[in-house]
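Peer 1: Here it is: the structure, laid out below.
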Amino acid sequence: MTPAEYDYLRQFLKQRSGLVLSNEKQYLIESRLLPVARKSGLASITALVAKLRDPRESMLADAVVEAMTTNESFFFRDKVPFDHFTQVMMPAMLERRAMKRQIRIWCAAASTGQESYSLAMCLKEMGSKLAGWRIEIVGTDISNEVLDRAKAGVYSQFEVQRGLPIQMLLKYFVQNGDQWTISNELRSMVQWKKFNLLESFAGLGQFDIVFCRNVLIYFDQPTKADILSRVSKTMTPDGFLVLGAAETVVGLTDAFKPVQDRRGLYAPNVPGQTAAAPTPATRFAFGSGAA
């Protein structure tokens with residue numbers, strides 16, 4: 001791959017997905033795109049780039065974006081955000097939405113579905129507290145391939161061993177050989193939608209809670225600021241935003257402010273409104289087992 005071809009792919013990926021690749025990431029492009037090239041009957045990255053320059057090759061363009069933006073996920077990843085969800089966000093929402101009894105949750109860049117299904121399990125464990133409530137989880141991703149996997153809800157033995165407590169596995173999954181399928185009840189709790197974070201958010205509606213974790217790290221500063229600004233416009237004024245451990249709103253936007261003593265948790269920065277104080281910690285039944 002020539003420097004000119006690498007520069008073309010970097011610009012192509014930034015324009016299509018927001019992904020920013022440094023000068024040292026050539027190995028990543030080669031490892032992920034060579035299989036795409038060969039699957040398309042092309043002998044090299046050079047041949048792939050030549051074909052990609054043809055605007056009629058939309059399917060190849062989609063395949064390239066999917067190959068470069070597919071990232072791993074696992075159940076109850078980082079644990080802390082799910083403690084925040086059960087100990088802070090949901091108690092606050094149950095109080096604030098007592099009349100409406102409706103809550104909307106968005107998992108952006110949902111990948112193969114583990115985060116969305118982890119939240120669904122948290123909700124199921126709340127039991128009768130949610131009787132009569134309508135709670136909607138919307139999982140979005142730029143990749144059709146990972147969304148198809150998320151919809152199917154089928155995971156390998158390796159995938160269910162990463163962060164998923166054994167009691168949750170036995171309670172909410174059915175084993176078939178070395179594969180585990182999540183229950184229909186949990187699958188019905190999540191709606192899946194193909195969505196590019198660079199596109200307009202207008203059709204998504206309004207959300208009370210937004211999980212946008214481990215995706216902003218792939219964007220440059222202006223793109224991060226733009227996405228956070230537009231996320232804030234989709235949220236209720238008393239909602240919550242959750243970012244990844246390596247992500248922050250500091251220096252990017254004034255639309256959000258940190259929730260005190262809750263790492264990675266933010267609230268819309270509404271004048272005169274104080275970020276929700278944490279409630280007394282009540283350990284979730286399986287909190288100590290999540291990873």
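Chain labels follow the order of the structure tokens: the first chain is A, the next B, and so on; residue numbering restarts at 1 in every chain, and ligands are counted from 1 in their shown order.
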Could you pull out all residues of stretch 207-238 of chain A with a DSSP call of alpha helix (DSSP H) and give them as number ranges by chain?
Peer 2: A: 221-234
Peer 1: Excluding same-chain residues fewer than 6 positions from A:Gln191, what lies within 8 Å of it counting only C-alpha atoms, as a ChimeraX atom specification?
Peer 2: /A:136-139
Peer 1: Take the selection from the previous step and output its residues with N, CA and C atoms, as a PDB file, in the first residue's frame.
Peer 2:
```pdb
ATOM      1  N   GLU A 136     -38.010   1.589  26.958  1.00  0.00           N
ATOM      2  CA  GLU A 136     -37.544   1.278  25.608  1.00  0.00           C
ATOM      3  C   GLU A 136     -36.033   1.427  25.543  1.00  0.00           C
ATOM      4  N   ILE A 137     -35.367   0.388  25.055  1.00  0.00           N
ATOM      5  CA  ILE A 137     -33.929   0.439  24.805  1.00  0.00           C
ATOM      6  C   ILE A 137     -33.724   0.430  23.292  1.00  0.00           C
ATOM      7  N   VAL A 138     -32.998   1.420  22.787  1.00  0.00           N
ATOM      8  CA  VAL A 138     -32.687   1.494  21.360  1.00  0.00           C
ATOM      9  C   VAL A 138     -31.178   1.323  21.199  1.00  0.00           C
ATOM     10  N   GLY A 139     -30.775   0.281  20.466  1.00  0.00           N
ATOM     11  CA  GLY A 139     -29.367   0.043  20.188  1.00  0.00           C
ATOM     12  C   GLY A 139     -29.065   0.381  18.741  1.00  0.00           C
TER      13      GLY A 139
END
```
Peer 1: Which residues are near stretch 96-113 of chain A? Cut-off 9 Å, only C-alpha atoms, ignore same chain within fewer than 5 positions. Put them as a PyMOL selection string.
Peer 2: chain A and resi 70-75+91+118+130+132-143+145-151+153+192+195-197+206-215+238
Peer 1: Could you jot down the atom CA of A:Gly205 to atom CA of A:Met235 separation for me, Å, one decimal place?
Peer 2: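 Those two atoms sit 8.7 Å apart.
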Peer 1: Please determine, counting only C-alpha atoms, which residue among A:Lys79, A:Phe85, A:Lys193, A:Lys233 has the shortest atom-to-atom distance to A:Gly163.
Peer 2: A:Lys79
Peer 1: Nearest residue to A:Lys171 out of A:Tyr155, A:Val64, A:Arg262, A:Met121, using only C-alpha atoms?
Peer 2: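 Among the listed residues, A:Met121 lies closest to A:Lys171.
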